[in-house]
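Novice: One structure coming up, written as structure tokens, with questions to follow.
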Amino acid sequence: MYKLYPYFTNDGSTGLFSPDADDIYHSTYGALSEAYEKFILPAEFENYFKKNNEIKILDLCFGIGYNTKSFINFFLNFIYNETTYSDNIKYNDKIVTDNEKYKIFIHAVDTDKILMNLSPFFISNKNNIKNNKLPFENEKIKRMLSKKPKGIFYLREEVDELLLQKIIENIDKESEKILFSFKYRKYFSNYMKGLYAFYKNKRYITNPVSKLIAFLHNIYYLHISKRHKSTLNALKLFNFNFITNNNDAREVLKNDNFIYNYVFLDAFTPAKCPCLWTIDFFKLLFNRLDDNGMILTYSNSASVRNAFINAGFFVGKIYSDSQKKYTGTVAVKNKSLIKHELSQYDLGLLKTKAGIFYRDENLNASNEAIIAAHKKEVENSTLMSSSKFIKQYSKS
Ligand SMILES: C[S@@+](CC[C@H](N)C(=O)[O-])C[C@H]1O[C@@H](n2cnc3c(N)ncnc32)[C@H](O)[C@@H]1O
């Protein structure tokens, strides 16, 4: 059976560990905080929405959806500020017609369908995580969890409901089994499970007990739950189109026709999942990015930055104000969008062995094959090693 390795990260949002990739899906620092700091804040969506009322986002490696959720959260906060309620929708006192509403399109891609199905149910705002024991053995994560929780971001309740409405048709029996299993109960929201039952029971009334449950749920969600009403109201404020794809991102991109304003690239680290960090994959992304678009990623790796540059992008860094350090990379076609340029040190590093990027010419090689070919290229390279460069640089 499909197995999950959930735990609460330091900001009260649920994180996951992957024994297969021997990697964490989310930083112990805080899954939600990380999504905000690495993707939402550096994207400067406030500025984007000053000039545009339509956005297309590609969420590569959706997982349990923190990047998409954080975006929706940001957008709902933004739109509620902008909007005055009445029978007509008003942004900044201007009544808007259906055609003028904000149009949000999100394309979510991840090979793992079950995670995607479970995404609306994970708890993201757990208040008290004092006794935050890991339900599985991992010393490294345990140590990192001893740090003080941050808890600076809070996900609006409507976000998970909006997502559930969009993916409810995809939820299969296997996902349901995990969702309602005793083992993982503390990681899933009871409210969301109830809402799911409400939607399901409304349509599949099979026996007297489920009929009664459906009746009670209907009364609750239709007439009592403020949260549910607020979600339905939120949905009236903008056009929300959310599509999912559970294929390898390379296949998805090969056959994709959309042009995106933003791409969130949140694959496992290049050493674990190089197929989504190759120059060849980045060339595919280049063709799908708007001229004023931006790719954001958490990776600071010299080989990733060099691959972006060789695929035709301009590359800059992401700076986290709260962590007071650079926490990722942006790739753009329009250089003026870069806020933090690569330093002389960063550029120097690209010319060392550390800057040798991964290749996948036919866009179908296994991660193992890509790693092996890369290793060979590094071994045969006459470029300076990164450690020698760092020594020389620190002396100069
Ligand atoms: C670091 S996690 C992403 C976390 C996610 N953004 C979230 O908010 O939960 C990496 C994800 O990449 C997915 N993945 C791995 N290889 C992939 C591939 N070739 N194409 C698409 N997704 C892939 C995994 O299933 C996993 O969910």
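Naming scheme: A, B, ... for chains in displayed order of the structure tokens; residues 1 onward per chain; ligands 1 onward as shown.
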Quick one: residues within 9 Å of A:Glu341, only C-alpha atoms counted, chain neighbours fewer than 5 positions away excluded, as a PyMOL selection string?

Specialist: chain A and resi 315-317

Novice: Based on the selection just made, write C-alpha atoms of those residues as a PDB file, in the first residue's frame.

Specialist:
ATOM      1  CA  VAL A 315      19.655  34.427 -14.151  1.00  0.00           C
ATOM      2  CA  GLY A 316      19.367  36.173 -10.792  1.00  0.00           C
ATOM      3  CA  LYS A 317      19.095  35.301  -7.112  1.00  0.00           C
TER       4      LYS A 317
END

Novice: Env of A:Asp256: 10 Å cut, atoms = only C-alpha atoms, seq-sep filter 3 positions within chain, self excluded. Answer as an mmCIF file with C-alpha atoms, in the first residue's frame.

Specialist:
data_model
loop_
_atom_site.group_PDB
_atom_site.id
_atom_site.type_symbol
_atom_site.label_atom_id
_atom_site.label_comp_id
_atom_site.auth_asym_id
_atom_site.auth_seq_id
_atom_site.Cartn_x
_atom_site.Cartn_y
_atom_site.Cartn_z
ATOM 1 C CA ARG A 250 9.229 16.355 -19.414
ATOM 2 C CA GLU A 251 6.365 14.676 -21.270
ATOM 3 C CA VAL A 252 3.932 17.333 -20.117
ATOM 4 C CA LEU A 253 6.160 20.144 -21.344
ATOM 5 C CA ILE A 259 2.592 30.301 -22.350
ATOM 6 C CA LEU A 284 11.570 23.337 -23.111
ATOM 7 C CA ASN A 287 9.651 28.013 -25.101
ATOM 8 C CA ARG A 288 6.776 28.012 -22.633
#

Novice: Within 8 Å of ligand 1, which residues of chain A come that close, and what is the closest atom pair and distance in Å for each? Count only C-alpha atoms and all ligand atoms and give it as JSON lines.

Specialist:
{"residue": "A:Gly15", "atom": "CA", "partner": "ligand 1", "partner_atom_place_in_ligand_line": "9 (O)", "distance": 7.6}
{"residue": "A:Leu16", "atom": "CA", "partner": "ligand 1", "partner_atom_place_in_ligand_line": "9 (O)", "distance": 7.7}
{"residue": "A:Asp23", "atom": "CA", "partner": "ligand 1", "partner_atom_place_in_ligand_line": "1 (C)", "distance": 7.9}
{"residue": "A:Ile24", "atom": "CA", "partner": "ligand 1", "partner_atom_place_in_ligand_line": "1 (C)", "distance": 6.6}
{"residue": "A:Tyr25", "atom": "CA", "partner": "ligand 1", "partner_atom_place_in_ligand_line": "1 (C)", "distance": 3.8}
{"residue": "A:His26", "atom": "CA", "partner": "ligand 1", "partner_atom_place_in_ligand_line": "4 (C)", "distance": 6.1}
{"residue": "A:Ala31", "atom": "CA", "partner": "ligand 1", "partner_atom_place_in_ligand_line": "8 (O)", "distance": 7.3}
{"residue": "A:Ala35", "atom": "CA", "partner": "ligand 1", "partner_atom_place_in_ligand_line": "8 (O)", "distance": 7.1}
{"residue": "A:Asp59", "atom": "CA", "partner": "ligand 1", "partner_atom_place_in_ligand_line": "6 (N)", "distance": 7.6}
{"residue": "A:Leu60", "atom": "CA", "partner": "ligand 1", "partner_atom_place_in_ligand_line": "21 (C)", "distance": 6.6}
{"residue": "A:Cys61", "atom": "CA", "partner": "ligand 1", "partner_atom_place_in_ligand_line": "12 (O)", "distance": 4.1}
{"residue": "A:Phe62", "atom": "CA", "partner": "ligand 1", "partner_atom_place_in_ligand_line": "6 (N)", "distance": 4.4}
{"residue": "A:Gly63", "atom": "CA", "partner": "ligand 1", "partner_atom_place_in_ligand_line": "27 (O)", "distance": 3.5}
{"residue": "A:Ile64", "atom": "CA", "partner": "ligand 1", "partner_atom_place_in_ligand_line": "9 (O)", "distance": 3.7}
{"residue": "A:Gly65", "atom": "CA", "partner": "ligand 1", "partner_atom_place_in_ligand_line": "8 (O)", "distance": 4.0}
{"residue": "A:Tyr66", "atom": "CA", "partner": "ligand 1", "partner_atom_place_in_ligand_line": "8 (O)", "distance": 3.7}
{"residue": "A:Asn67", "atom": "CA", "partner": "ligand 1", "partner_atom_place_in_ligand_line": "8 (O)", "distance": 5.2}
{"residue": "A:Thr68", "atom": "CA", "partner": "ligand 1", "partner_atom_place_in_ligand_line": "8 (O)", "distance": 7.5}
{"residue": "A:Val109", "atom": "CA", "partner": "ligand 1", "partner_atom_place_in_ligand_line": "21 (C)", "distance": 5.8}
{"residue": "A:Asp110", "atom": "CA", "partner": "ligand 1", "partner_atom_place_in_ligand_line": "22 (N)", "distance": 3.7}
{"residue": "A:Thr111", "atom": "CA", "partner": "ligand 1", "partner_atom_place_in_ligand_line": "22 (N)", "distance": 4.5}
{"residue": "A:Asp112", "atom": "CA", "partner": "ligand 1", "partner_atom_place_in_ligand_line": "25 (O)", "distance": 4.6}
{"residue": "A:Leu115", "atom": "CA", "partner": "ligand 1", "partner_atom_place_in_ligand_line": "27 (O)", "distance": 7.0}
{"residue": "A:Ser119", "atom": "CA", "partner": "ligand 1", "partner_atom_place_in_ligand_line": "9 (O)", "distance": 7.9}
{"residue": "A:Asn246", "atom": "CA", "partner": "ligand 1", "partner_atom_place_in_ligand_line": "21 (C)", "distance": 7.2}
{"residue": "A:Asn247", "atom": "CA", "partner": "ligand 1", "partner_atom_place_in_ligand_line": "21 (C)", "distance": 6.2}
{"residue": "A:Asp248", "atom": "CA", "partner": "ligand 1", "partner_atom_place_in_ligand_line": "20 (N)", "distance": 3.6}
{"residue": "A:Ala249", "atom": "CA", "partner": "ligand 1", "partner_atom_place_in_ligand_line": "20 (N)", "distance": 3.9}
{"residue": "A:Arg250", "atom": "CA", "partner": "ligand 1", "partner_atom_place_in_ligand_line": "20 (N)", "distance": 6.6}
{"residue": "A:Leu265", "atom": "CA", "partner": "ligand 1", "partner_atom_place_in_ligand_line": "6 (N)", "distance": 7.9}
{"residue": "A:Asp266", "atom": "CA", "partner": "ligand 1", "partner_atom_place_in_ligand_line": "6 (N)", "distance": 5.1}
{"residue": "A:Ala267", "atom": "CA", "partner": "ligand 1", "partner_atom_place_in_ligand_line": "10 (C)", "distance": 4.3}
{"residue": "A:Phe268", "atom": "CA", "partner": "ligand 1", "partner_atom_place_in_ligand_line": "1 (C)", "distance": 4.4}
{"residue": "A:Thr269", "atom": "CA", "partner": "ligand 1", "partner_atom_place_in_ligand_line": "1 (C)", "distance": 7.6}
{"residue": "A:Cys273", "atom": "CA", "partner": "ligand 1", "partner_atom_place_in_ligand_line": "16 (N)", "distance": 6.4}
{"residue": "A:Cys275", "atom": "CA", "partner": "ligand 1", "partner_atom_place_in_ligand_line": "19 (N)", "distance": 6.6}
{"residue": "A:Leu276", "atom": "CA", "partner": "ligand 1", "partner_atom_place_in_ligand_line": "19 (N)", "distance": 6.5}

Novice: Contacts of A:Ile104 at 7 Å or less, counting only C-alpha atoms, minus same-chain residues fewer than 6 places along, as a PyMOL selection string?

Specialist: chain A and resi 54-56+239-241

Novice: Enumerate the residues of stretch 330-369 of chain A with a DSSP assignment of helix (DSSP H, G or I), computed from the backbone, and present them as a ChimeraX atom specification.

Specialist: /A:335-337,344-350,353-355,367-369

Novice: Got time to write the residues from that selection, C-alpha atoms, as a PDB file, in the first residue's frame?

Specialist:
ATOM      1  CA  LYS A 335      16.880  41.018 -17.768  1.00  0.00           C
ATOM      2  CA  SER A 336      15.281  44.074 -16.173  1.00  0.00           C
ATOM      3  CA  LEU A 337      13.133  41.769 -14.015  1.00  0.00           C
ATOM      4  CA  GLN A 344      31.452  37.920  -9.292  1.00  0.00           C
ATOM      5  CA  TYR A 345      31.830  34.957  -6.965  1.00  0.00           C
ATOM      6  CA  ASP A 346      28.679  33.255  -8.305  1.00  0.00           C
ATOM      7  CA  LEU A 347      29.782  33.864 -11.896  1.00  0.00           C
ATOM      8  CA  GLY A 348      33.265  32.521 -11.142  1.00  0.00           C
ATOM      9  CA  LEU A 349      31.766  29.353  -9.696  1.00  0.00           C
ATOM     10  CA  LEU A 350      29.858  28.720 -12.940  1.00  0.00           C
ATOM     11  CA  LYS A 353      33.495  21.936 -12.382  1.00  0.00           C
ATOM     12  CA  ALA A 354      30.573  22.874 -10.128  1.00  0.00           C
ATOM     13  CA  GLY A 355      29.033  24.678 -13.100  1.00  0.00           C
ATOM     14  CA  ASN A 367      17.875   9.910 -13.348  1.00  0.00           C
ATOM     15  CA  GLU A 368      20.570   7.255 -12.850  1.00  0.00           C
ATOM     16  CA  ALA A 369      21.744   7.549 -16.469  1.00  0.00           C
TER      17      ALA A 369
END

Novice: Between atom CA of A:Lys325 and atom CA of A:Pro270, what is the distance, to one decimal in Å?

Specialist: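 Result for atom CA of A:Lys325 versus atom CA of A:Pro270: 20.7 Å, one decimal.
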